[in-house]
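Listing of upload32.pdb; format and content: PDB, C-alpha atoms.
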```pdb
ATOM      1  CA  MET N   1      19.820  11.349 -24.004
ATOM      2  CA  ASN N   2      19.018  10.337 -27.561
ATOM      3  CA  SER N   3      20.681  11.897 -30.605
ATOM      4  CA  SER N   4      17.553  13.794 -31.684
ATOM      5  CA  GLN N   5      17.335  15.603 -28.314
ATOM      6  CA  LYS N   6      21.032  16.430 -28.488
ATOM      7  CA  SER N   7      20.607  17.717 -32.035
ATOM      8  CA  VAL N   8      17.688  19.961 -31.050
ATOM      9  CA  ILE N   9      19.639  21.722 -28.301
ATOM     10  CA  ALA N  10      22.798  21.938 -30.437
ATOM     11  CA  ASP N  11      20.813  23.472 -33.296
ATOM     12  CA  LEU N  12      19.135  25.975 -30.966
ATOM     13  CA  ILE N  13      22.389  27.263 -29.505
ATOM     14  CA  SER N  14      24.282  27.324 -32.812
ATOM     15  CA  ASP N  15      21.498  29.347 -34.454
ATOM     16  CA  PRO N  16      22.950  32.818 -35.237
ATOM     17  CA  LYS N  17      19.500  34.280 -34.539
ATOM     18  CA  LEU N  18      19.839  33.269 -30.890
ATOM     19  CA  ASN N  19      21.006  36.338 -28.987
ATOM     20  CA  LEU N  20      23.383  35.000 -26.351
ATOM     21  CA  VAL N  21      24.242  37.419 -23.553
ATOM     22  CA  LYS N  22      26.615  36.452 -20.736
ATOM     23  CA  LEU N  23      25.464  36.695 -17.143
ATOM     24  CA  ASN N  24      27.019  39.530 -15.193
ATOM     25  CA  GLU N  25      28.554  38.946 -11.774
ATOM     26  CA  GLN N  26      25.361  39.634  -9.821
ATOM     27  CA  GLU N  27      23.190  37.519 -12.133
ATOM     28  CA  TYR N  28      25.631  34.624 -11.896
ATOM     29  CA  MET N  29      25.721  34.684  -8.095
ATOM     30  CA  GLU N  30      21.929  34.986  -7.843
ATOM     31  CA  GLY N  31      21.609  31.997 -10.142
ATOM     32  CA  LEU N  32      24.201  29.975  -8.242
ATOM     33  CA  THR N  33      22.450  30.655  -4.922
ATOM     34  CA  VAL N  34      19.082  29.560  -6.336
ATOM     35  CA  TYR N  35      20.580  26.504  -8.037
ATOM     36  CA  ARG N  36      22.202  25.308  -4.811
ATOM     37  CA  SER N  37      18.864  25.676  -2.996
ATOM     38  CA  GLN N  38      17.170  23.226  -5.388
ATOM     39  CA  HIS N  39      19.214  20.107  -4.584
ATOM     40  CA  ASN N  40      21.195  18.474  -1.781
ATOM     41  CA  GLU N  41      24.544  18.006  -3.519
ATOM     42  CA  GLN N  42      26.340  20.214  -0.983
ATOM     43  CA  GLU N  43      25.396  17.996   1.949
ATOM     44  CA  MET N  44      26.356  14.845   0.054
ATOM     45  CA  MET N  45      29.684  16.369  -1.005
ATOM     46  CA  LEU N  46      30.555  17.417   2.537
ATOM     47  CA  GLU N  47      29.744  13.957   3.857
ATOM     48  CA  THR N  48      31.835  12.256   1.172
ATOM     49  CA  THR N  49      34.742  14.659   1.731
ATOM     50  CA  PHE N  50      34.835  13.937   5.454
ATOM     51  CA  GLN N  51      34.696  10.206   4.777
ATOM     52  CA  ALA N  52      37.844  10.515   2.645
ATOM     53  CA  ILE N  53      39.596  12.629   5.294
ATOM     54  CA  GLU N  54      38.628  10.279   8.114
ATOM     55  CA  LYS N  55      40.003   7.355   6.124
ATOM     56  CA  HIS N  56      43.393   8.930   5.413
ATOM     57  CA  LYS N  57      43.938  12.002   7.603
ATOM     58  CA  SER N  58      41.812  11.680  10.747
ATOM     59  CA  LEU N  59      44.716  11.422  13.206
ATOM     60  CA  GLN N  60      46.193  14.806  12.322
ATOM     61  CA  GLU N  61      45.591  17.653  14.739
ATOM     62  CA  SER N  62      46.382  20.422  12.261
ATOM     63  CA  TYR N  63      45.906  20.828   8.516
ATOM     64  CA  SER N  64      47.280  23.053   5.810
ATOM     65  CA  ILE N  65      44.442  23.365   3.300
ATOM     66  CA  LEU N  66      44.479  24.842  -0.188
ATOM     67  CA  SER N  67      41.226  25.537  -2.037
ATOM     68  CA  ILE N  68      41.701  26.190  -5.745
ATOM     69  CA  GLY N  69      38.736  28.097  -7.138
ATOM     70  CA  CYS N  70      37.406  28.916  -3.667
ATOM     71  CA  GLY N  71      35.039  31.637  -4.937
ATOM     72  CA  SER N  72      33.011  33.070  -2.078
ATOM     73  CA  GLY N  73      33.506  29.862  -0.084
ATOM     74  CA  LEU N  74      30.075  28.249  -0.412
ATOM     75  CA  PHE N  75      31.658  24.836   0.158
ATOM     76  CA  GLU N  76      34.759  25.881   2.095
ATOM     77  CA  GLN N  77      32.987  27.760   4.877
ATOM     78  CA  PRO N  78      30.917  24.844   6.252
ATOM     79  CA  PHE N  79      33.833  22.474   5.590
ATOM     80  CA  LEU N  80      36.304  24.509   7.643
ATOM     81  CA  LYS N  81      33.791  25.159  10.418
ATOM     82  CA  LYS N  82      33.239  21.427  10.763
ATOM     83  CA  LEU N  83      36.981  20.784  11.031
ATOM     84  CA  ILE N  84      37.294  23.438  13.735
ATOM     85  CA  GLU N  85      34.371  21.846  15.591
ATOM     86  CA  LEU N  86      36.441  18.655  15.525
ATOM     87  CA  ASN N  87      39.158  20.665  17.315
ATOM     88  CA  LYS N  88      41.529  20.794  14.360
ATOM     89  CA  SER N  89      43.924  23.675  13.769
ATOM     90  CA  ILE N  90      43.869  25.039  10.216
ATOM     91  CA  HIS N  91      46.034  27.100   7.922
ATOM     92  CA  PHE N  92      43.747  27.871   5.008
ATOM     93  CA  VAL N  93      44.858  29.232   1.628
ATOM     94  CA  GLY N  94      42.232  30.240  -0.920
ATOM     95  CA  VAL N  95      42.955  30.841  -4.599
ATOM     96  CA  ASP N  96      40.507  32.332  -7.104
ATOM     97  CA  PRO N  97      40.910  34.846  -9.957
ATOM     98  CA  ASN N  98      37.622  36.579  -9.058
ATOM     99  CA  LYS N  99      38.607  39.464  -6.766
ATOM    100  CA  VAL N 100      35.035  40.219  -5.691
ATOM    101  CA  GLU N 101      34.464  36.639  -4.568
ATOM    102  CA  CYS N 102      37.839  36.598  -2.801
ATOM    103  CA  LEU N 103      36.775  39.618  -0.746
ATOM    104  CA  LYS N 104      33.688  37.710   0.393
ATOM    105  CA  THR N 105      35.852  34.770   1.423
ATOM    106  CA  GLU N 106      38.209  37.112   3.296
ATOM    107  CA  GLU N 107      35.250  38.528   5.231
ATOM    108  CA  TRP N 108      34.005  35.228   6.620
ATOM    109  CA  CYS N 109      37.573  33.981   7.134
ATOM    110  CA  GLN N 110      38.316  37.077   9.213
ATOM    111  CA  LYS N 111      35.252  36.440  11.378
ATOM    112  CA  LEU N 112      36.234  32.801  11.811
ATOM    113  CA  SER N 113      39.781  33.809  12.674
ATOM    114  CA  THR N 114      38.537  36.281  15.292
ATOM    115  CA  LEU N 115      36.376  33.610  16.924
ATOM    116  CA  LYS N 116      39.093  30.953  16.789
ATOM    117  CA  LEU N 117      42.337  32.849  17.262
ATOM    118  CA  ASP N 118      44.360  29.764  18.145
ATOM    119  CA  LYS N 119      42.768  27.450  15.582
ATOM    120  CA  PHE N 120      42.434  29.289  12.284
ATOM    121  CA  VAL N 121      44.758  31.387  10.121
ATOM    122  CA  PHE N 122      44.185  32.190   6.482
ATOM    123  CA  GLU N 123      45.425  33.925   3.341
ATOM    124  CA  ILE N 124      43.505  34.548   0.117
ATOM    125  CA  HIS N 125      45.158  34.978  -3.286
ATOM    126  CA  PRO N 126      43.084  36.552  -6.113
ATOM    127  CA  VAL N 127      45.003  34.805  -8.909
ATOM    128  CA  THR N 128      44.588  31.902 -11.309
ATOM    129  CA  LEU N 129      46.096  28.513 -10.550
ATOM    130  CA  GLU N 130      48.650  29.104 -13.323
ATOM    131  CA  LYS N 131      49.934  32.261 -11.585
ATOM    132  CA  PHE N 132      49.748  30.887  -8.045
ATOM    133  CA  GLU N 133      53.224  30.422  -6.578
ATOM    134  CA  TYR N 134      53.670  28.846  -3.169
ATOM    135  CA  PHE N 135      56.730  27.428  -1.480
ATOM    136  CA  GLN N 136      55.120  24.766   0.635
ATOM    137  CA  THR N 137      52.895  21.773   0.067
ATOM    138  CA  PHE N 138      49.462  21.053   1.554
ATOM    139  CA  ASP N 139      47.767  18.308   3.548
ATOM    140  CA  ILE N 140      44.438  18.807   1.772
ATOM    141  CA  ILE N 141      43.782  20.397  -1.615
ATOM    142  CA  LEU N 142      40.197  21.132  -2.620
ATOM    143  CA  LEU N 143      39.009  21.629  -6.183
ATOM    144  CA  ILE N 144      35.242  21.842  -5.839
ATOM    145  CA  HIS N 145      33.740  22.450  -9.287
ATOM    146  CA  SER N 146      36.907  24.263 -10.371
ATOM    147  CA  PHE N 147      38.107  22.298 -13.389
ATOM    148  CA  TYR N 148      35.412  23.711 -15.682
ATOM    149  CA  TYR N 149      37.179  27.055 -15.733
ATOM    150  CA  PHE N 150      40.746  25.928 -16.406
ATOM    151  CA  SER N 151      42.115  26.578 -19.871
ATOM    152  CA  GLU N 152      44.176  23.374 -19.824
ATOM    153  CA  ILE N 153      43.505  20.275 -17.781
ATOM    154  CA  LYS N 154      46.796  18.331 -17.954
ATOM    155  CA  SER N 155      49.022  21.128 -16.662
ATOM    156  CA  SER N 156      46.459  21.890 -13.938
ATOM    157  CA  VAL N 157      46.567  18.292 -12.697
ATOM    158  CA  GLU N 158      50.373  18.393 -12.747
ATOM    159  CA  LYS N 159      50.479  21.561 -10.653
ATOM    160  CA  VAL N 160      47.939  20.203  -8.162
ATOM    161  CA  TYR N 161      50.030  17.040  -7.823
ATOM    162  CA  GLU N 162      53.162  19.109  -7.118
ATOM    163  CA  LEU N 163      51.351  21.001  -4.354
ATOM    164  CA  ILE N 164      50.278  17.850  -2.468
ATOM    165  CA  GLY N 165      52.435  17.167   0.563
ATOM    166  CA  GLU N 166      53.686  13.773   1.695
ATOM    167  CA  GLU N 167      50.601  11.680   2.528
ATOM    168  CA  GLY N 168      48.475  14.690   1.532
ATOM    169  CA  ILE N 169      45.226  14.319  -0.365
ATOM    170  CA  ALA N 170      43.620  16.128  -3.299
ATOM    171  CA  ILE N 171      39.815  16.184  -3.382
ATOM    172  CA  ILE N 172      38.035  17.045  -6.625
ATOM    173  CA  ALA N 173      34.359  17.471  -7.457
ATOM    174  CA  ILE N 174      33.564  17.691 -11.155
ATOM    175  CA  GLY N 175      30.321  17.285 -13.056
ATOM    176  CA  ILE N 176      29.432  14.374 -15.287
ATOM    177  CA  LYS N 177      28.117  15.467 -18.677
ATOM    178  CA  ARG N 178      24.373  14.892 -18.411
ATOM    179  CA  GLU N 179      21.201  16.202 -20.044
ATOM    180  CA  ILE N 180      21.087  19.170 -17.661
ATOM    181  CA  SER N 181      24.596  20.260 -18.670
ATOM    182  CA  GLU N 182      24.157  19.897 -22.435
ATOM    183  CA  PRO N 183      22.873  23.478 -23.077
ATOM    184  CA  TYR N 184      25.697  24.987 -21.006
ATOM    185  CA  TYR N 185      28.235  22.838 -22.860
ATOM    186  CA  TYR N 186      27.260  24.317 -26.230
ATOM    187  CA  ILE N 187      26.813  27.849 -24.915
ATOM    188  CA  ASN N 188      30.262  27.721 -23.318
ATOM    189  CA  GLN N 189      31.738  26.695 -26.667
ATOM    190  CA  ARG N 190      30.013  29.605 -28.397
ATOM    191  CA  PHE N 191      31.126  32.132 -25.774
ATOM    192  CA  TYR N 192      34.727  31.002 -25.351
ATOM    193  CA  GLN N 193      35.478  28.769 -28.377
ATOM    194  CA  ARG N 194      36.744  26.019 -26.111
ATOM    195  CA  GLN N 195      35.343  22.965 -24.434
ATOM    196  CA  ARG N 196      34.299  22.706 -20.831
ATOM    197  CA  PHE N 197      35.972  19.895 -18.902
ATOM    198  CA  TYR N 198      33.924  17.137 -17.307
ATOM    199  CA  SER N 199      34.561  14.014 -15.274
ATOM    200  CA  GLU N 200      35.510  11.862 -18.263
ATOM    201  CA  ASP N 201      38.246  14.356 -19.215
ATOM    202  CA  LEU N 202      39.749  14.279 -15.728
ATOM    203  CA  TYR N 203      39.490  10.479 -15.588
ATOM    204  CA  GLN N 204      41.485  10.220 -18.807
ATOM    205  CA  VAL N 205      44.238  12.561 -17.613
ATOM    206  CA  LEU N 206      44.630  10.820 -14.247
ATOM    207  CA  SER N 207      44.798   7.447 -15.993
ATOM    208  CA  GLU N 208      47.344   8.653 -18.567
ATOM    209  CA  LYS N 209      49.557  10.028 -15.806
ATOM    210  CA  ASN N 210      49.374   6.788 -13.800
ATOM    211  CA  ILE N 211      47.902   8.578 -10.793
ATOM    212  CA  SER N 212      46.097   6.106  -8.589
ATOM    213  CA  PHE N 213      42.752   7.586  -7.564
ATOM    214  CA  ASN N 214      39.438   6.812  -5.914
ATOM    215  CA  GLN N 215      36.177   7.815  -7.587
ATOM    216  CA  LYS N 216      32.624   7.965  -6.312
ATOM    217  CA  ILE N 217      29.571   9.018  -8.307
ATOM    218  CA  ILE N 218      27.174  11.310  -6.445
ATOM    219  CA  GLU N 219      23.716  11.450  -8.013
ATOM    220  CA  PHE N 220      21.064  13.996  -7.100
ATOM    221  CA  PRO N 221      17.928  15.453  -8.735
ATOM    222  CA  VAL N 222      17.573  19.187  -9.308
ATOM    223  CA  ASN N 223      14.148  20.729  -8.756
ATOM    224  CA  ILE N 224      13.509  22.858 -11.867
ATOM    225  CA  THR N 225       9.770  23.354 -11.278
ATOM    226  CA  GLU N 226      10.105  27.135 -11.018
ATOM    227  CA  CYS N 227      11.694  27.297 -14.479
ATOM    228  CA  PHE N 228       8.256  26.533 -15.925
ATOM    229  CA  GLN N 229       6.459  29.224 -13.914
ATOM    230  CA  LYS N 230       6.110  32.119 -16.362
ATOM    231  CA  ASP N 231       6.469  35.017 -13.916
ATOM    232  CA  SER N 232       8.823  33.354 -11.433
ATOM    233  CA  GLN N 233      11.966  35.412 -10.849
ATOM    234  CA  LEU N 234      13.467  32.472  -8.977
ATOM    235  CA  GLY N 235      12.758  30.273 -11.981
ATOM    236  CA  LYS N 236      14.459  32.723 -14.328
ATOM    237  CA  HIS N 237      17.589  32.899 -12.145
ATOM    238  CA  LEU N 238      17.655  29.100 -12.059
ATOM    239  CA  LEU N 239      17.215  28.681 -15.806
ATOM    240  CA  ASP N 240      19.811  31.363 -16.586
ATOM    241  CA  PHE N 241      22.356  29.652 -14.348
ATOM    242  CA  ILE N 242      21.714  26.171 -15.744
ATOM    243  CA  ILE N 243      22.347  27.262 -19.310
ATOM    244  CA  GLY N 244      24.898  29.985 -18.544
ATOM    245  CA  ALA N 245      23.216  32.866 -20.392
ATOM    246  CA  ASN N 246      20.545  35.523 -19.869
ATOM    247  CA  THR N 247      17.291  34.122 -21.270
ATOM    248  CA  THR N 248      15.720  37.603 -21.303
ATOM    249  CA  TYR N 249      17.086  37.884 -24.821
ATOM    250  CA  PHE N 250      15.559  34.611 -26.074
ATOM    251  CA  SER N 251      12.454  34.809 -28.227
ATOM    252  CA  PRO N 252       9.343  33.019 -26.856
ATOM    253  CA  GLU N 253       9.879  30.250 -29.430
ATOM    254  CA  GLN N 254      13.537  29.793 -28.512
ATOM    255  CA  LEU N 255      12.693  29.731 -24.822
ATOM    256  CA  GLN N 256      10.024  27.109 -25.427
ATOM    257  CA  VAL N 257      12.498  24.849 -27.256
ATOM    258  CA  LEU N 258      14.790  25.035 -24.237
ATOM    259  CA  LEU N 259      11.987  24.339 -21.752
ATOM    260  CA  ASP N 260      10.684  21.433 -23.862
ATOM    261  CA  TYR N 261      14.176  19.961 -23.861
ATOM    262  CA  LEU N 262      14.492  20.202 -20.064
ATOM    263  CA  SER N 263      10.971  18.826 -19.584
ATOM    264  CA  SER N 264      11.612  15.824 -21.841
ATOM    265  CA  ASN N 265      14.635  14.898 -19.720
ATOM    266  CA  SER N 266      12.900  15.356 -16.369
ATOM    267  CA  GLN N 267      10.543  13.425 -14.141
ATOM    268  CA  LYS N 268       7.304  14.918 -12.843
ATOM    269  CA  LEU N 269       6.497  13.790  -9.304
ATOM    270  CA  GLU N 270       3.035  13.236  -7.861
ATOM    271  CA  GLY N 271       3.245  16.557  -6.024
ATOM    272  CA  GLY N 272       3.881  18.371  -9.295
ATOM    273  CA  GLU N 273       7.619  18.929  -8.830
ATOM    274  CA  ILE N 274       9.714  18.647 -11.982
ATOM    275  CA  MET N 275      13.055  16.979 -11.247
ATOM    276  CA  ILE N 276      15.973  16.592 -13.643
ATOM    277  CA  PRO N 277      18.828  14.188 -12.789
ATOM    278  CA  ASN N 278      22.380  15.385 -12.272
ATOM    279  CA  SER N 279      25.624  13.683 -11.282
ATOM    280  CA  VAL N 280      29.005  14.678  -9.912
ATOM    281  CA  SER N 281      32.204  12.663  -9.762
ATOM    282  CA  PHE N 282      34.062  12.814  -6.460
ATOM    283  CA  TYR N 283      37.750  12.013  -6.956
ATOM    284  CA  TYR N 284      40.526  11.888  -4.449
ATOM    285  CA  PHE N 285      44.136  10.859  -4.702
ATOM    286  CA  GLN N 286      47.362  11.057  -2.738
ATOM    287  CA  LYS N 287      50.919  11.659  -3.814
ATOM    288  CA  GLN N 288      52.562   8.354  -4.602
ATOM    289  CA  LYS N 289      56.058   7.361  -3.561
ATOM    290  CA  GLU N 290      58.629   7.067  -6.325
ATOM    291  CA  GLU N 291      58.780   3.284  -6.121
ATOM    292  CA  GLU N 292      55.005   3.028  -6.487
ATOM    293  CA  ILE N 293      55.084   5.237  -9.595
ATOM    294  CA  LYS N 294      57.823   3.124 -11.176
ATOM    295  CA  LYS N 295      55.911  -0.065 -10.397
ATOM    296  CA  ARG N 296      52.724   1.277 -12.038
ATOM    297  CA  GLU N 297      54.689   2.385 -15.106
ATOM    298  CA  LEU N 298      56.302  -1.050 -15.415
ATOM    299  CA  MET N 299      52.901  -2.735 -15.132
ATOM    300  CA  LYS N 300      51.428  -0.440 -17.765
ATOM    301  CA  ASN N 301      54.311  -1.083 -20.156
ATOM    302  CA  PHE N 302      54.028  -4.826 -19.562
ATOM    303  CA  GLU N 303      50.287  -4.807 -20.292
ATOM    304  CA  SER N 304      50.719  -2.722 -23.453
ATOM    305  CA  ASN N 305      53.289  -5.224 -24.788
ATOM    306  CA  GLN N 306      51.052  -8.257 -24.312
TER     307      GLN N 306
END
```
Produce structure tokens that represent the structure in this file.
Amino acid sequence: MNSSQKSVIADLISDPKLNLVKLNEQEYMEGLTVYRSQHNEQEMMLETTFQAIEKHKSLQESYSILSIGCGSGLFEQPFLKKLIELNKSIHFVGVDPNKVECLKTEEWCQKLSTLKLDKFVFEIHPVTLEKFEYFQTFDIILLIHSFYYFSEIKSSVEKVYELIGEEGIAIIAIGIKREISEPYYYINQRFYQRQRFYSEDLYQVLSEKNISFNQKIIEFPVNITECFQKDSQLGKHLLDFIIGANTTYFSPEQLQVLLDYLSSNSQKLEGGEIMIPNSVSFYYFQKQKEEEIKKRELMKNFESNQ
């Protein structure tokens, strides 16, 4: 993205004449559902997650799993079902401050528990990570697109690290700041007066804390064709979700600036589909033994003194 494009979108969103209205709960979920239907990130994330588990945890017959920011379980539900199909026993703990979404997760967890009485137990906590208190550690911790909503990234990483059991694994999906996320980045700042965390922020914290991690970049295009269809309700839900605000309140000129920005950063296929690139970082790390931590610290100090 060149500086002129960035300036155009920054100027649009900082304009006091732009009437920014937050999405309500229903609008957000409608947008999320539509957004997920326009790309295949979910399938790629599930595949990559199971590759990490097979590499480090495949021999276990039972797992204690914590999902931080579980929401309604759009990722967790197919993930847990797949583990049960592999004949694994699961104790699942979900954490999310959104009580409505937690109720949805409880519903499908209850159904899964009824079907698999001897394989699946669960508990859902409608709290933030900061207020979550638990007196055991976990084999697998999931943070699937959760870090955006934390108020502080360093303390969140520290708490996640404390909750990982011996030889446990933390799995994190977090977006890379791309053209598609630029409008949301500025709108989030205007709504909440704070930055939204992205992959580069997490990378820096993990590096500073000498946490050894694996990282894989998952790239996928998002089909935004419907955003350009004037009377498409699906397109409106999609556009609202991408930018994080209700575009009903944009003037025609303001809306056109936004659409021109998305179009200029997209590719139009032969079939007419308009695709904009997006990327997610997949991180995973395990709790290190004390001697490994000391060794990494010594190496870092040695390198800094050269």
Write out as a PDB file with C-alpha atoms, in the frame of the given file the residues lying within 8 Å of region 109-124 of chain N, counting all atoms listed in the file and excluding same-chain residues fewer than 4 positions away.
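See part.pdb below for the written result:
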```
ATOM      1  CA  ILE N  84      37.294  23.438  13.735  1.00  0.00           C
ATOM      2  CA  ASN N  87      39.158  20.665  17.315  1.00  0.00           C
ATOM      3  CA  LYS N  88      41.529  20.794  14.360  1.00  0.00           C
ATOM      4  CA  SER N  89      43.924  23.675  13.769  1.00  0.00           C
ATOM      5  CA  ILE N  90      43.869  25.039  10.216  1.00  0.00           C
ATOM      6  CA  HIS N  91      46.034  27.100   7.922  1.00  0.00           C
ATOM      7  CA  PHE N  92      43.747  27.871   5.008  1.00  0.00           C
ATOM      8  CA  VAL N  93      44.858  29.232   1.628  1.00  0.00           C
ATOM      9  CA  GLY N  94      42.232  30.240  -0.920  1.00  0.00           C
ATOM     10  CA  VAL N  95      42.955  30.841  -4.599  1.00  0.00           C
ATOM     11  CA  CYS N 102      37.839  36.598  -2.801  1.00  0.00           C
ATOM     12  CA  THR N 105      35.852  34.770   1.423  1.00  0.00           C
TER      13      THR N 105
END
```
Query raised in the report: Exactly which residues make up the result of the PyMOL selection byres ((chain N and resi 162-178) around 6) on this file, given as a ChimeraX atom specification?
Result: /N:137-145,159-161,179-181,198-199,279-286
Query raised in the report: Between N:Leu46, N:Lys55, N:Val100, N:Lys230, which is the closest to Leu83 (chain N) once you count only C-alpha atoms?
Result: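 Among N:Leu46, N:Lys55, N:Val100, N:Lys230, it is N:Leu46 that comes nearest to Leu83 (chain N).
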Report task. Anything within 9 Å of (13.4, 26.5, -15.1): list those residues as a PyMOL selection string, counting all atoms listed in the file and sticking to the file's coordinates. Result -> chain N and resi 223-229+234-240+242+259+262
Query raised in the report: What is the distance between CA of Gln195 (chain N) and CA of Lys209 (chain N), in Å to one decimal?
Result: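 According to the coordinates, CA of Gln195 (chain N) and CA of Lys209 (chain N) are separated by 21.1 Å.
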Query - Nearest to Val157 (chain N), chosen from N:Asn210, N:Gln254, N:Gln136, N:Asn24, with only C-alpha atoms counted in the distances - result: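 Smallest separation from Val157 (chain N) among the options: N:Asn210.
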Query - Output of the PyMOL selection byres ((chain N and resi 243-245) around 6), listed as a ChimeraX atom specification - result: /N:21-23,183-184,240-242,246
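For the pair CA of Gly69 (chain N) and CA of Phe150 (chain N), the interatomic distance is 9.7 Å.
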Quick one: residues within 10 Å of Tyr261 (chain N), all atoms listed in the file counted, chain neighbours fewer than 5 positions away excluded, as a compact mmCIF listing (two decimals) with C-alpha atoms, in the frame of the given file?
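result_12.txt, written as the output of this step:
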```txt
# COMPACT_ATOMS: atom_id res chain seq x y z
CA GLN N 5 17.34 15.60 -28.31
CA LYS N 6 21.03 16.43 -28.49
CA VAL N 8 17.69 19.96 -31.05
CA ILE N 9 19.64 21.72 -28.30
CA GLU N 179 21.20 16.20 -20.04
CA ILE N 180 21.09 19.17 -17.66
CA PRO N 183 22.87 23.48 -23.08
CA LEU N 255 12.69 29.73 -24.82
CA GLN N 256 10.02 27.11 -25.43
CA SER N 266 12.90 15.36 -16.37
```
Please complete region 189-207 of chain N with N, CA and C atoms and give it back as an mmCIF file, keeping the file's coordinate frame.
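Saved the output as selection06.cif:
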```cif
data_model
loop_
_atom_site.group_PDB
_atom_site.id
_atom_site.type_symbol
_atom_site.label_atom_id
_atom_site.label_comp_id
_atom_site.auth_asym_id
_atom_site.auth_seq_id
_atom_site.Cartn_x
_atom_site.Cartn_y
_atom_site.Cartn_z
ATOM 1 N N GLN N 189 30.946 26.761 -25.446
ATOM 2 C CA GLN N 189 31.738 26.695 -26.667
ATOM 3 C C GLN N 189 31.547 27.956 -27.513
ATOM 4 N N ARG N 190 30.301 28.420 -27.577
ATOM 5 C CA ARG N 190 30.013 29.605 -28.397
ATOM 6 C C ARG N 190 30.600 30.868 -27.769
ATOM 7 N N PHE N 191 30.573 30.964 -26.450
ATOM 8 C CA PHE N 191 31.126 32.132 -25.774
ATOM 9 C C PHE N 191 32.649 32.167 -25.838
ATOM 10 N N TYR N 192 33.281 31.022 -25.570
ATOM 11 C CA TYR N 192 34.727 31.002 -25.351
ATOM 12 C C TYR N 192 35.516 30.197 -26.385
ATOM 13 N N GLN N 193 34.831 29.571 -27.331
ATOM 14 C CA GLN N 193 35.478 28.769 -28.377
ATOM 15 C C GLN N 193 36.396 27.694 -27.796
ATOM 16 N N ARG N 194 36.000 27.144 -26.677
ATOM 17 C CA ARG N 194 36.744 26.019 -26.111
ATOM 18 C C ARG N 194 35.783 25.133 -25.338
ATOM 19 N N GLN N 195 36.207 23.903 -25.127
ATOM 20 C CA GLN N 195 35.343 22.965 -24.434
ATOM 21 C C GLN N 195 35.361 23.183 -22.929
ATOM 22 N N ARG N 196 34.333 22.716 -22.291
ATOM 23 C CA ARG N 196 34.299 22.706 -20.831
ATOM 24 C C ARG N 196 34.661 21.306 -20.374
ATOM 25 N N PHE N 197 35.514 21.205 -19.362
ATOM 26 C CA PHE N 197 35.972 19.895 -18.902
ATOM 27 C C PHE N 197 34.946 19.243 -17.984
ATOM 28 N N TYR N 198 34.819 17.930 -18.145
ATOM 29 C CA TYR N 198 33.924 17.137 -17.307
ATOM 30 C C TYR N 198 34.678 15.944 -16.725
ATOM 31 N N SER N 199 33.954 15.130 -15.983
ATOM 32 C CA SER N 199 34.561 14.014 -15.274
ATOM 33 C C SER N 199 35.366 13.087 -16.186
ATOM 34 N N GLU N 200 34.814 12.787 -17.371
ATOM 35 C CA GLU N 200 35.510 11.862 -18.263
ATOM 36 C C GLU N 200 36.858 12.410 -18.724
ATOM 37 N N ASP N 201 36.971 13.742 -18.833
ATOM 38 C CA ASP N 201 38.246 14.356 -19.215
ATOM 39 C C ASP N 201 39.276 14.203 -18.102
ATOM 40 N N LEU N 202 38.842 14.433 -16.864
ATOM 41 C CA LEU N 202 39.749 14.279 -15.728
ATOM 42 C C LEU N 202 40.159 12.821 -15.553
ATOM 43 N N TYR N 203 39.206 11.915 -15.700
ATOM 44 C CA TYR N 203 39.490 10.479 -15.588
ATOM 45 C C TYR N 203 40.598 10.086 -16.560
ATOM 46 N N GLN N 204 40.502 10.566 -17.782
ATOM 47 C CA GLN N 204 41.485 10.220 -18.807
ATOM 48 C C GLN N 204 42.874 10.744 -18.446
ATOM 49 N N VAL N 205 42.941 11.973 -17.960
ATOM 50 C CA VAL N 205 44.238 12.561 -17.613
ATOM 51 C C VAL N 205 44.874 11.823 -16.436
ATOM 52 N N LEU N 206 44.092 11.545 -15.405
ATOM 53 C CA LEU N 206 44.630 10.820 -14.247
ATOM 54 C C LEU N 206 45.136 9.438 -14.644
ATOM 55 N N SER N 207 44.399 8.777 -15.529
ATOM 56 C CA SER N 207 44.798 7.447 -15.993
ATOM 57 C C SER N 207 46.077 7.525 -16.820
#
```
